[in-house]
Amino acid sequence: MKGIFMVCGFIAIAFVLLITVYLIISGLPAIREVGLIDFLFGTRWDSANQTDPAYGILPFILTSIYGTAGAIVIGVPIGFLTAVFLAKVAPQPVAAVIRPAVDLLAGIPSVVYGLVGMMVLVPWIRTTFDVPAGDSLLAAIVVLAVMILPSIISVSETALKAVPKEYEEASLALGATELETYFRVTAPAAKSGIAAAVVLGVGRAIGEAMAILMVAGNVANMPSLLSSVKFLTTAIAGEMSYAAVGSLQRNALYSIGLVLFLFIMCINVFLNVFLKRNKEG
Amino acid sequence: MKKFACLGLSMVMALGLMTGCGNSNGTTGSATEDESATGSTSSTGSTTSQSTTTTGGNLTGTVNTAGSTSMKDVVAVLTECFAEIEPGVTINYTGSGSGAGVEGALTGTCDIGLASRALNDEEKAGGAVEHVVALDGVAIVVNTANAVEDLTVDQIAQIFKGEITNWSELGGADGEIAVFGREAGSGTRGAFEEIVGVVDSCAYTNEYSSTGDVIGNVASNPNAIGYASLSAVGDTVKAVKVNGVTPSEETVKDGTYEIQRPFVMVTKEGTELSEAAQAFLDFALSADSAEFISAAGAVSPNA
Amino acid sequence: MTKVMNTMVAKPTAVKYSKLSTQRKAYEWVMRSLLYLAAALTTLLLLFLMGYILVQGLPNLSWEFLTTQESVLKGTYGILPAIQNTVYVVLATLFIVLPLGVGAAIYLTEYATNHKLVTAIEFATETLSGIPSILYALVGMLVFCQVLGLGTTLLAGSLTLVIMTLPTIIRTTQESLKTVPQGYREGALGLGAGKWHMIRTIVLPNSIDGIVTGCILAIGRIVGESAVLMFTAGMSHTLQDFGSLEGLLRSSGGTLTVALYAYAKESAKFELAFSVAVVLLVITFCINLAAKLVGQKLRKK
């Protein structure tokens, strides 16, 4: 029996290797053909152009970074404050209502967020900012911020609750008010857990595809808040199904996948470090 | 109770281990074998349907089609009619874009590919075979509130190249034109850009991944212009006249409406279709299906 | 910390609000309003989302919509095929991932002795759970649809989802295996039971709740997934014939999330998309509830 279970255990490793090897093998040819510098820092992506195709993914990289950063800037403060509210301030019955609601928010499929974003946010942006079309980086940022909110709330709340009671009691006994205690004693003590929440949010935001495919407009522009943009993920999702096997376009999409994979691996390593420190501390 | 649960679980596990471990290499073989085995056996039940069957037999099987989102309605209608002739056959349709349809037929991820444009030489050289099932106009659609009724091909080209940027230049209300197009693998985009002469030079505000998406967004945006399959255009948007010709089945058929393209089903040369897939393809190309194709808003060349 | 100390008044009892300096009063006031504002924003957001989806989706939600398939000739719409496909994908995925995941967890907690190996497997699991679904879609499409020749089928989609849900099953099973008291194991082994016999009769039955929780979480992930299924399982919405072997292996089709996407993006039938959203919302709610109930039962033990 041991052998069988061992095989099961190794399957996880096998899957990771499969994905890694596949992405590297299929991702490298296009990078080699286009040239690493031109690929990563080229500002023009026009893969379907028959006379003069271009494969620069800087617009996607920047869009993904801006989009993620925007989502973090909006989502983290709200998420963190909500977590403090739930963990410390909220009366028991109120927390008992909001907490399952947050869980529900976490479980809603991403296409539902995309749908609501498409129907509410996009027309609102079009009329408010008086632009030709509302599909934009801004719409994507707001949708992403909403989507990362639940994980930020629940991870930060867990971290806040894990802070030993004695810290707070000592602070209160020294004359600090409750809120001063929460923000100046509890939160700093839980900072590695909260950092983990932020990194987790970054991971979710950078990897999301379907929801933002529905609101971002999908033109490979250099990112600006109100223009139609393409993310690393939506570039793959949008072009993957029709790019001919063996074509440079197809290979370039794998290369985008590889770049995205590297981003995610960095985030995973960060997350592991934070979580480990959290456990030890 | 616990014991039963445990027993059940271990049984599932044992079973699963067998299938799970065999999966990585075993399923390929069995899938294709089963396909040839079940795909070609006709069930022995007597034929109750007396419609004009092209093959006569009562087939069973699954036919996966994928590709052009413009062909959604045509395929749906054909599927429904075919279901009356061959109730044992399941026809699946995945709307992924014409490029994906050709690609799917060539790589074998689907049985029949769908493309809403003529195949190019490169694709034909790769072994793709085209079967024209219908002709369709590419309608130039604007919001129903837009006062512009008639555009020349030249004006359309200028709009899509970004040389005309305001509706007031065309006799409409003042407003910056939002130019909506399709994603790069779209057959509608390919056909439109080629006929209008704007290949590789379009300045799109947004690119959408399906016909319905373009129509939906044009319907909700008073300053938008886009292109979509005539068969999919309803009353939510307005199709403008091109060079004075109203897009309709008649003008597409007699060729006076200039922006038109074929709907084709794509197979791979040298790959034999399953009996069910072949029957569906024959039905789509037969004169029997012509009236259904026109019910879906396209024009059958086989009528 | 030192800054905190400096601002603190050395009083043994908690301070009264009225006795604070103006500066601290302002701090207190600002922070408290921010807290309530954030909590209110989150709650309002959820209420708005739910309300909007329900208002838009409920009017079109009928029994016919849930139990028929779409007909262009008759002009009717139905999502029965999508429901059927969702059930298929959930069952097929669980059928494969459950033995693999539980087996891996058993290996990690019961058999594994090499610490480095355990760390490697756990790191691999962590990595798998962090990979975004679009990359799974990319690899699944390559490996299962093209290289293994499964084509764009529900089976290929399920196999891709097996890789995606594996970490969830491993982690929850592992956690519940760890809660089984060591004494049970020692007792069984002491009575002469073999290791596998001990695991089968003592350890697994005692951790069944954890495994069920894992399944529920996995179902949640499968039901909510869209990118992977769109590219590996297709988007068809005709009823599939799962009665035959060919139907099981060769059917292609879209689940509920894919149907929602297709209604919203391909056919611009937004009211129908919202109806599907209502169905998904109800399923999500049930999954959360089930997970909570099982979790409570687990904790009681």
# chains A, B, ... in the order shown; residues from 1 in each chain; ligands from 1
call {"tool": "select_by_dssp", "arguments": {"residues": "region 83-237 of chain B", "states": "alpha helix (DSSP H)", "output": "PyMOL selection string"}}
result
chain B and resi 83-85+98-107+121-125+153-161+187-196+211-220
call {"tool": "interface_residues", "arguments": {"of": "chain C", "to": "chain B", "cutoff": "6 Å", "atoms": "only C-alpha atoms", "output": "CSV table (one decimal) with N, CA and C atoms, in the first residue's frame"}}
result
chain,number,residue,atom,x,y,z
C,96,ILE,N,-11.8,11.4,-9.6
C,96,ILE,CA,-10.3,11.2,-9.8
C,96,ILE,C,-9.5,11.8,-8.7
C,99,PRO,N,-9.3,10.0,-4.6
C,99,PRO,CA,-8.3,9.0,-4.3
C,99,PRO,C,-6.9,9.6,-4.3
C,148,LEU,N,-2.7,14.6,-25.6
C,148,LEU,CA,-3.3,13.3,-25.3
C,148,LEU,C,-4.5,13.0,-26.2
C,149,GLY,N,-4.9,14.0,-27.1
C,149,GLY,CA,-5.9,13.7,-28.1
C,149,GLY,C,-7.3,13.6,-27.5
C,151,GLY,N,-9.3,16.0,-27.2
C,151,GLY,CA,-10.2,17.0,-27.9
C,151,GLY,C,-10.8,18.0,-26.8
C,152,THR,N,-11.5,19.0,-27.3
C,152,THR,CA,-12.2,19.9,-26.3
C,152,THR,C,-13.4,19.2,-25.8
C,205,PRO,N,-12.0,6.6,8.9
C,205,PRO,CA,-13.4,6.9,9.4
C,205,PRO,C,-13.4,8.1,10.3
C,234,GLY,N,-15.1,23.4,-23.8
C,234,GLY,CA,-16.0,24.0,-24.8
C,234,GLY,C,-17.2,24.7,-24.2
C,235,MET,N,-18.1,25.2,-25.0
C,235,MET,CA,-19.2,26.1,-24.6
C,235,MET,C,-20.5,25.6,-25.0
C,236,SER,N,-20.6,24.4,-25.5
C,236,SER,CA,-21.9,23.9,-26.1
C,236,SER,C,-23.0,23.9,-25.1
C,265,LYS,N,-21.5,37.6,-23.1
C,265,LYS,CA,-20.6,38.1,-24.0
C,265,LYS,C,-20.9,37.7,-25.5
C,266,GLU,N,-21.5,36.5,-25.6
C,266,GLU,CA,-21.7,36.0,-27.0
C,266,GLU,C,-23.1,36.4,-27.6
C,267,SER,N,-24.1,36.3,-26.7
C,267,SER,CA,-25.4,36.6,-27.3
C,267,SER,C,-26.0,37.8,-26.7
C,268,ALA,N,-25.3,38.6,-25.8
C,268,ALA,CA,-25.8,39.8,-25.3
C,268,ALA,C,-27.2,39.7,-24.7
call {"tool": "interface_residues", "arguments": {"of": "chain B", "to": "chain A", "cutoff": "10 Å", "atoms": "only C-alpha atoms", "output": "JSON list (two decimals) with C-alpha atoms, in the first residue's frame"}}
result
[["chain", "number", "residue", "atom", "x", "y", "z"],
["B", 17, "LEU", "CA", -6.58, 4.73, -8.42],
["B", 20, "GLY", "CA", -6.45, 7.82, -12.09],
["B", 21, "CYS", "CA", -3.18, 6.11, -12.74],
["B", 67, "GLY", "CA", -15.44, 28.27, -34.22],
["B", 96, "SER", "CA", -14.56, 30.50, -29.97],
["B", 97, "GLY", "CA", -13.93, 32.50, -33.14],
["B", 98, "SER", "CA", -13.16, 31.50, -36.72],
["B", 99, "GLY", "CA", -9.42, 31.21, -36.20],
["B", 100, "ALA", "CA", -10.06, 28.81, -33.35],
["B", 101, "GLY", "CA", -12.45, 26.83, -35.57],
["B", 102, "VAL", "CA", -9.85, 26.31, -38.31],
["B", 103, "GLU", "CA", -7.22, 25.59, -35.69],
["B", 104, "GLY", "CA", -9.52, 23.10, -33.95],
["B", 106, "LEU", "CA", -6.55, 21.01, -37.98],
["B", 107, "THR", "CA", -5.42, 19.90, -34.53],
["B", 123, "GLU", "CA", -4.76, 27.29, -43.99],
["B", 175, "GLY", "CA", -19.92, 62.89, -30.29],
["B", 176, "GLU", "CA", -16.57, 61.13, -30.43],
["B", 177, "ILE", "CA", -16.91, 57.89, -32.37],
["B", 178, "ALA", "CA", -16.26, 54.73, -30.36],
["B", 179, "VAL", "CA", -14.90, 52.21, -32.86],
["B", 180, "PHE", "CA", -15.73, 48.67, -31.78],
["B", 181, "GLY", "CA", -14.12, 45.71, -33.48],
["B", 182, "ARG", "CA", -13.57, 42.03, -33.01],
["B", 183, "GLU", "CA", -10.53, 40.17, -31.71],
["B", 184, "ALA", "CA", -7.80, 39.21, -34.13],
["B", 185, "GLY", "CA", -8.97, 35.66, -34.82],
["B", 186, "SER", "CA", -12.46, 36.69, -35.84],
["B", 199, "VAL", "CA", -6.27, 45.35, -42.97],
["B", 200, "ASP", "CA", -3.77, 46.02, -40.16],
["B", 201, "SER", "CA", -4.62, 49.70, -40.00],
["B", 203, "ALA", "CA", -7.69, 52.03, -34.68],
["B", 204, "TYR", "CA", -10.15, 50.23, -32.44],
["B", 205, "THR", "CA", -11.42, 51.75, -29.25],
["B", 206, "ASN", "CA", -12.33, 48.29, -27.95],
["B", 207, "GLU", "CA", -11.99, 44.75, -29.21],
["B", 208, "TYR", "CA", -14.63, 42.20, -28.30],
["B", 209, "SER", "CA", -14.46, 38.45, -28.54],
["B", 213, "ASP", "CA", -20.65, 41.38, -27.48],
["B", 217, "ASN", "CA", -22.05, 47.25, -26.61],
["B", 218, "VAL", "CA", -23.19, 49.18, -29.67],
["B", 220, "SER", "CA", -25.74, 50.54, -25.06],
["B", 221, "ASN", "CA", -23.41, 53.22, -26.42],
["B", 222, "PRO", "CA", -24.89, 56.08, -28.51],
["B", 223, "ASN", "CA", -21.52, 56.95, -30.10],
["B", 224, "ALA", "CA", -20.48, 53.46, -31.13]]
call {"tool": "atom_distance", "arguments": {"atom1": "CA of Ile72 (chain A)", "atom2": "CA of Thr234 (chain A)"}}
result
19.2 Å
call {"tool": "closest_atom_pairs", "arguments": {"of": "chain A", "to": "chain C", "cutoff": "7 Å", "atoms": "only C-alpha atoms", "output": "JSON lines"}}
result
{"residue": "A:Met1", "atom": "CA", "partner": "C:Trp196", "partner_atom": "CA", "distance": 6.8}
{"residue": "A:Lys2", "atom": "CA", "partner": "C:Tyr111", "partner_atom": "CA", "distance": 6.8}
{"residue": "A:Phe5", "atom": "CA", "partner": "C:Gly103", "partner_atom": "CA", "distance": 4.9}
{"residue": "A:Met6", "atom": "CA", "partner": "C:Tyr107", "partner_atom": "CA", "distance": 5.8}
{"residue": "A:Cys8", "atom": "CA", "partner": "C:Ala104", "partner_atom": "CA", "distance": 4.6}
{"residue": "A:Gly9", "atom": "CA", "partner": "C:Ala104", "partner_atom": "CA", "distance": 3.9}
{"residue": "A:Phe10", "atom": "CA", "partner": "C:Ile121", "partner_atom": "CA", "distance": 6.9}
{"residue": "A:Ala12", "atom": "CA", "partner": "C:Ala124", "partner_atom": "CA", "distance": 6.0}
{"residue": "A:Ile13", "atom": "CA", "partner": "C:Ala124", "partner_atom": "CA", "distance": 5.3}
{"residue": "A:Phe15", "atom": "CA", "partner": "C:Ile163", "partner_atom": "CA", "distance": 6.9}
{"residue": "A:Val16", "atom": "CA", "partner": "C:Ala124", "partner_atom": "CA", "distance": 6.2}
{"residue": "A:Ile19", "atom": "CA", "partner": "C:Val139", "partner_atom": "CA", "distance": 6.5}
{"residue": "A:Ile78", "atom": "CA", "partner": "C:Ala38", "partner_atom": "CA", "distance": 5.1}
{"residue": "A:Leu81", "atom": "CA", "partner": "C:Leu35", "partner_atom": "CA", "distance": 5.3}
{"residue": "A:Thr82", "atom": "CA", "partner": "C:Ala39", "partner_atom": "CA", "distance": 4.8}
{"residue": "A:Phe85", "atom": "CA", "partner": "C:Leu35", "partner_atom": "CA", "distance": 5.9}
{"residue": "A:Ile98", "atom": "CA", "partner": "C:Thr43", "partner_atom": "CA", "distance": 6.8}
{"residue": "A:Leu104", "atom": "CA", "partner": "C:Phe285", "partner_atom": "CA", "distance": 6.4}
{"residue": "A:Leu105", "atom": "CA", "partner": "C:Leu46", "partner_atom": "CA", "distance": 6.9}
{"residue": "A:Gly107", "atom": "CA", "partner": "C:Thr284", "partner_atom": "CA", "distance": 5.9}
{"residue": "A:Ile108", "atom": "CA", "partner": "C:Thr284", "partner_atom": "CA", "distance": 6.3}
{"residue": "A:Pro109", "atom": "CA", "partner": "C:Gly224", "partner_atom": "CA", "distance": 4.3}
{"residue": "A:Ser110", "atom": "CA", "partner": "C:Gly224", "partner_atom": "CA", "distance": 7.0}
{"residue": "A:Val111", "atom": "CA", "partner": "C:Tyr261", "partner_atom": "CA", "distance": 6.5}
{"residue": "A:Val112", "atom": "CA", "partner": "C:Ala277", "partner_atom": "CA", "distance": 6.1}
{"residue": "A:Leu115", "atom": "CA", "partner": "C:Ala264", "partner_atom": "CA", "distance": 7.0}
{"residue": "A:Leu172", "atom": "CA", "partner": "C:Ala14", "partner_atom": "CA", "distance": 5.9}
{"residue": "A:Ala173", "atom": "CA", "partner": "C:Pro12", "partner_atom": "CA", "distance": 5.2}
{"residue": "A:Leu174", "atom": "CA", "partner": "C:Ala10", "partner_atom": "CA", "distance": 5.1}
{"residue": "A:Gly175", "atom": "CA", "partner": "C:Val9", "partner_atom": "CA", "distance": 5.1}
{"residue": "A:Ala176", "atom": "CA", "partner": "C:Met8", "partner_atom": "CA", "distance": 5.7}
{"residue": "A:Thr177", "atom": "CA", "partner": "C:Val15", "partner_atom": "CA", "distance": 6.3}
{"residue": "A:Leu179", "atom": "CA", "partner": "C:Glu28", "partner_atom": "CA", "distance": 6.5}
{"residue": "A:Arg184", "atom": "CA", "partner": "C:Val4", "partner_atom": "CA", "distance": 6.7}
{"residue": "A:Gly207", "atom": "CA", "partner": "C:Pro132", "partner_atom": "CA", "distance": 4.7}
{"residue": "A:Glu208", "atom": "CA", "partner": "C:Pro132", "partner_atom": "CA", "distance": 6.8}
{"residue": "A:Ala209", "atom": "CA", "partner": "C:Ile134", "partner_atom": "CA", "distance": 6.6}
{"residue": "A:Met210", "atom": "CA", "partner": "C:Ala227", "partner_atom": "CA", "distance": 6.2}
{"residue": "A:Thr233", "atom": "CA", "partner": "C:Ile134", "partner_atom": "CA", "distance": 6.6}
{"residue": "A:Ala237", "atom": "CA", "partner": "C:Ile134", "partner_atom": "CA", "distance": 6.9}
{"residue": "A:Gly257", "atom": "CA", "partner": "C:Leu135", "partner_atom": "CA", "distance": 6.4}
{"residue": "A:Ile264", "atom": "CA", "partner": "C:Ile131", "partner_atom": "CA", "distance": 6.7}
{"residue": "A:Asn268", "atom": "CA", "partner": "C:Thr127", "partner_atom": "CA", "distance": 6.7}
call {"tool": "write_last_selection", "arguments": {"atoms": "N, CA and C atoms", "output": "CSV table (one decimal), in the first residue's frame"}}
result
chain,number,residue,atom,x,y,z
A,1,MET,N,0.8,-1.2,0.0
A,1,MET,CA,0.0,0.0,0.0
A,1,MET,C,0.9,1.3,0.0
A,2,LYS,N,2.0,1.2,0.7
A,2,LYS,CA,2.8,2.4,0.8
A,2,LYS,C,3.2,2.9,-0.5
A,5,PHE,N,0.4,5.0,-2.1
A,5,PHE,CA,0.2,6.3,-1.5
A,5,PHE,C,1.4,7.2,-1.9
A,6,MET,N,2.6,6.6,-2.0
A,6,MET,CA,3.7,7.4,-2.3
A,6,MET,C,3.6,8.0,-3.7
A,8,CYS,N,0.7,8.7,-5.1
A,8,CYS,CA,-0.2,9.8,-5.0
A,8,CYS,C,0.5,11.1,-4.5
A,9,GLY,N,1.4,10.9,-3.5
A,9,GLY,CA,2.1,12.0,-3.0
A,9,GLY,C,3.0,12.7,-4.1
A,10,PHE,N,3.6,11.8,-4.9
A,10,PHE,CA,4.5,12.4,-5.9
A,10,PHE,C,3.7,13.1,-7.0
A,12,ALA,N,1.5,15.4,-7.0
A,12,ALA,CA,1.5,16.9,-6.8
A,12,ALA,C,2.8,17.4,-7.4
A,13,ILE,N,4.0,16.8,-7.1
A,13,ILE,CA,5.2,17.2,-7.6
A,13,ILE,C,5.3,17.1,-9.1
A,15,PHE,N,2.8,17.1,-11.2
A,15,PHE,CA,2.0,18.2,-11.8
A,15,PHE,C,2.7,19.5,-11.9
A,16,VAL,N,3.4,19.9,-10.8
A,16,VAL,CA,4.1,21.1,-10.8
A,16,VAL,C,5.2,21.1,-11.9
A,19,ILE,N,3.8,21.4,-15.4
A,19,ILE,CA,3.4,22.7,-15.8
A,19,ILE,C,4.6,23.6,-16.0
A,78,ILE,N,-9.6,49.1,2.8
A,78,ILE,CA,-10.9,48.8,3.1
A,78,ILE,C,-11.0,47.4,3.8
A,81,LEU,N,-9.4,47.5,7.4
A,81,LEU,CA,-10.3,48.2,8.4
A,81,LEU,C,-11.5,47.3,8.7
A,82,THR,N,-12.0,46.7,7.7
A,82,THR,CA,-13.2,45.8,7.9
A,82,THR,C,-12.7,44.6,8.8
A,85,PHE,N,-12.6,45.8,12.3
A,85,PHE,CA,-13.9,46.0,12.8
A,85,PHE,C,-14.5,44.6,13.2
A,98,ILE,N,-22.0,39.7,9.2
A,98,ILE,CA,-21.1,40.2,8.1
A,98,ILE,C,-20.1,39.1,7.7
A,104,LEU,N,-19.4,34.6,1.5
A,104,LEU,CA,-20.2,34.5,0.3
A,104,LEU,C,-19.5,35.2,-0.8
A,105,LEU,N,-19.1,36.4,-0.5
A,105,LEU,CA,-18.4,37.3,-1.5
A,105,LEU,C,-17.2,36.6,-2.0
A,107,GLY,N,-16.9,33.4,-2.4
A,107,GLY,CA,-17.3,32.2,-3.2
A,107,GLY,C,-17.9,32.5,-4.5
A,108,ILE,N,-18.3,33.7,-4.7
A,108,ILE,CA,-19.0,34.1,-5.9
A,108,ILE,C,-18.1,33.9,-7.1
A,109,PRO,N,-18.5,33.2,-8.2
A,109,PRO,CA,-17.6,33.0,-9.3
A,109,PRO,C,-17.2,34.3,-10.0
A,110,SER,N,-16.0,34.3,-10.5
A,110,SER,CA,-15.5,35.6,-11.0
A,110,SER,C,-16.3,36.1,-12.2
A,111,VAL,N,-16.9,35.3,-13.0
A,111,VAL,CA,-17.7,35.8,-14.1
A,111,VAL,C,-18.9,36.6,-13.6
A,112,VAL,N,-19.4,36.3,-12.4
A,112,VAL,CA,-20.5,37.1,-11.9
A,112,VAL,C,-20.0,38.5,-11.6
A,115,LEU,N,-19.7,40.3,-14.8
A,115,LEU,CA,-21.1,40.6,-15.4
A,115,LEU,C,-21.6,41.9,-14.7
A,172,LEU,N,-4.0,48.4,27.3
A,172,LEU,CA,-5.1,49.1,27.9
A,172,LEU,C,-4.9,49.5,29.3
A,173,ALA,N,-4.1,48.6,30.1
A,173,ALA,CA,-3.8,48.9,31.4
A,173,ALA,C,-2.9,50.2,31.5
A,174,LEU,N,-2.2,50.4,30.5
A,174,LEU,CA,-1.3,51.5,30.5
A,174,LEU,C,-2.0,52.8,30.1
A,175,GLY,N,-3.3,52.7,29.8
A,175,GLY,CA,-4.1,53.9,29.6
A,175,GLY,C,-4.4,54.2,28.2
A,176,ALA,N,-4.0,53.3,27.2
A,176,ALA,CA,-4.4,53.6,25.8
A,176,ALA,C,-5.9,53.2,25.6
A,177,THR,N,-6.5,53.9,24.7
A,177,THR,CA,-7.9,53.6,24.4
A,177,THR,C,-7.9,52.3,23.6
A,179,LEU,N,-9.1,51.8,20.6
A,179,LEU,CA,-8.7,51.9,19.2
A,179,LEU,C,-7.2,52.1,19.1
A,184,ARG,N,-2.2,50.5,17.2
A,184,ARG,CA,-0.7,50.7,17.5
A,184,ARG,C,-0.1,49.5,18.2
A,207,GLY,N,-3.5,37.2,-11.3
A,207,GLY,CA,-3.9,35.9,-12.0
A,207,GLY,C,-5.3,35.9,-12.5
A,208,GLU,N,-6.1,36.9,-12.2
A,208,GLU,CA,-7.5,36.9,-12.6
A,208,GLU,C,-7.6,37.2,-14.1
A,209,ALA,N,-8.5,36.4,-14.7
A,209,ALA,CA,-8.6,36.6,-16.2
A,209,ALA,C,-10.0,36.9,-16.6
A,210,MET,N,-11.0,36.0,-16.3
A,210,MET,CA,-12.3,36.1,-16.9
A,210,MET,C,-13.0,37.4,-16.5
A,233,THR,N,-3.0,38.2,-18.4
A,233,THR,CA,-3.9,37.1,-18.4
A,233,THR,C,-4.9,37.2,-19.5
A,237,ALA,N,-5.9,34.7,-22.6
A,237,ALA,CA,-7.3,34.2,-22.8
A,237,ALA,C,-7.9,34.7,-24.1
A,257,GLY,N,2.6,33.4,-20.8
A,257,GLY,CA,2.3,32.5,-19.8
A,257,GLY,C,3.5,32.3,-18.8
A,264,ILE,N,4.1,34.8,-10.6
A,264,ILE,CA,3.4,34.1,-9.5
A,264,ILE,C,4.3,33.3,-8.6
A,268,ASN,N,4.6,33.5,-4.7
A,268,ASN,CA,4.5,32.3,-3.8
A,268,ASN,C,5.6,32.2,-2.8
call {"tool": "closest_residue", "arguments": {"among": "B:Ile225, B:Met265, B:Ala290, B:Val237", "to": "Ala277 (chain B)", "atoms": "only C-alpha atoms"}}
result
B:Met265
call {"tool": "residues_around", "arguments": {"residues": "Gly244 (chain B)", "least_positions_apart": "2", "cutoff": "9 Å", "atoms": "only C-alpha atoms", "output": "list in words"}}
result
Asp150, Leu151, Thr152, Val240, Lys241, Val242 and Thr246 of chain B
call {"tool": "write_last_selection", "arguments": {"atoms": "N, CA and C atoms", "output": "mmCIF file, in the first residue's frame"}}
result
data_model
loop_
_atom_site.group_PDB
_atom_site.id
_atom_site.type_symbol
_atom_site.label_atom_id
_atom_site.label_comp_id
_atom_site.auth_asym_id
_atom_site.auth_seq_id
_atom_site.Cartn_x
_atom_site.Cartn_y
_atom_site.Cartn_z
ATOM 1 N N ASP B 150 -26.613 56.234 -43.796
ATOM 2 C CA ASP B 150 -25.961 55.735 -44.993
ATOM 3 C C ASP B 150 -24.484 56.105 -44.964
ATOM 4 N N LEU B 151 -23.623 55.134 -45.225
ATOM 5 C CA LEU B 151 -22.191 55.411 -45.259
ATOM 6 C C LEU B 151 -21.615 54.799 -46.532
ATOM 7 N N THR B 152 -20.575 55.432 -47.072
ATOM 8 C CA THR B 152 -19.890 54.802 -48.191
ATOM 9 C C THR B 152 -18.775 53.931 -47.628
ATOM 10 N N VAL B 240 -26.574 50.229 -40.931
ATOM 11 C CA VAL B 240 -26.633 51.343 -41.894
ATOM 12 C C VAL B 240 -26.519 50.816 -43.323
ATOM 13 N N LYS B 241 -27.002 51.634 -44.262
ATOM 14 C CA LYS B 241 -26.829 51.294 -45.670
ATOM 15 C C LYS B 241 -25.375 51.497 -46.049
ATOM 16 N N VAL B 242 -24.873 50.650 -46.929
ATOM 17 C CA VAL B 242 -23.508 50.804 -47.408
ATOM 18 C C VAL B 242 -23.570 51.136 -48.889
ATOM 19 N N THR B 246 -29.288 48.714 -48.698
ATOM 20 C CA THR B 246 -29.708 48.187 -47.405
ATOM 21 C C THR B 246 -29.252 46.734 -47.295
#
call {"tool": "select_by_dssp", "arguments": {"residues": "region 18-253 of chain A", "states": "strand (DSSP E)", "output": "MDAnalysis selection string"}}
result
chainID A and resid 45:46 54:55
call {"tool": "write_last_selection", "arguments": {"atoms": "N, CA and C atoms", "output": "CSV table (one decimal), in the first residue's frame"}}
result
chain,number,residue,atom,x,y,z
A,45,TRP,N,2.3,45.5,-29.4
A,45,TRP,CA,1.9,44.1,-29.6
A,45,TRP,C,0.8,44.1,-30.7
A,46,ASP,N,1.2,43.5,-31.8
A,46,ASP,CA,0.2,43.4,-32.9
A,46,ASP,C,0.4,42.1,-33.6
A,54,ALA,N,4.2,42.5,-34.4
A,54,ALA,CA,5.1,43.0,-33.3
A,54,ALA,C,4.7,42.2,-32.0
A,55,TYR,N,5.7,41.9,-31.3
A,55,TYR,CA,5.4,41.1,-30.1
A,55,TYR,C,6.1,41.7,-28.8
call {"tool": "atom_distance", "arguments": {"atom1": "CA of Ala125 (chain B)", "atom2": "CA of Arg261 (chain B)"}}
result
20.6 Å
call {"tool": "residues_around", "arguments": {"residues": "Leu40 (chain A)", "least_positions_apart": "5", "cutoff": "10 Å", "atoms": "only C-alpha atoms", "output": "count of residues only"}}
result
13
call {"tool": "residues_around", "arguments": {"residues": "Ile153 (chain A)", "least_positions_apart": "4", "cutoff": "6 Å", "atoms": "only C-alpha atoms", "output": "short mmCIF file (atom, residue, chain, number, x, y, z; two decimals) with N, CA and C atoms, in the first residue's frame"}}
result
data_model
loop_
_atom_site.label_atom_id
_atom_site.label_comp_id
_atom_site.auth_asym_id
_atom_site.auth_seq_id
_atom_site.Cartn_x
_atom_site.Cartn_y
_atom_site.Cartn_z
N GLY A 79 -10.25 46.47 3.22
CA GLY A 79 -10.23 45.11 3.77
C GLY A 79 -9.65 45.08 5.16
N ALA A 83 -11.51 44.14 8.59
CA ALA A 83 -11.02 43.04 9.42
C ALA A 83 -10.90 43.48 10.88
N GLU A 157 -8.09 39.16 9.43
CA GLU A 157 -8.84 38.93 10.65
C GLU A 157 -8.21 37.80 11.46
#
call {"tool": "atom_distance", "arguments": {"atom1": "CA of Leu256 (chain C)", "atom2": "CA of Leu58 (chain C)"}}
result
16.1 Å
call {"tool": "decode", "arguments": {"residues": "region 176-181 of chain C", "atoms": "N, CA and C atoms", "output": "compact mmCIF listing (two decimals), in the first residue's frame"}}
result
# COMPACT_ATOMS: atom_id res chain seq x y z
N SER C 176 -7.28 17.01 8.76
CA SER C 176 -8.17 16.19 9.58
C SER C 176 -7.49 14.89 10.00
N LEU C 177 -6.56 14.40 9.19
CA LEU C 177 -5.81 13.21 9.62
C LEU C 177 -4.99 13.52 10.87
N LYS C 178 -4.47 14.75 10.90
CA LYS C 178 -3.64 15.12 12.05
C LYS C 178 -4.45 15.19 13.34
N THR C 179 -5.77 15.41 13.22
CA THR C 179 -6.58 15.53 14.45
C THR C 179 -6.91 14.16 15.05
N VAL C 180 -6.68 13.08 14.29
CA VAL C 180 -6.94 11.76 14.86
C VAL C 180 -5.87 11.48 15.92
N PRO C 181 -6.28 11.21 17.16
CA PRO C 181 -5.31 11.05 18.25
C PRO C 181 -4.32 9.93 17.97
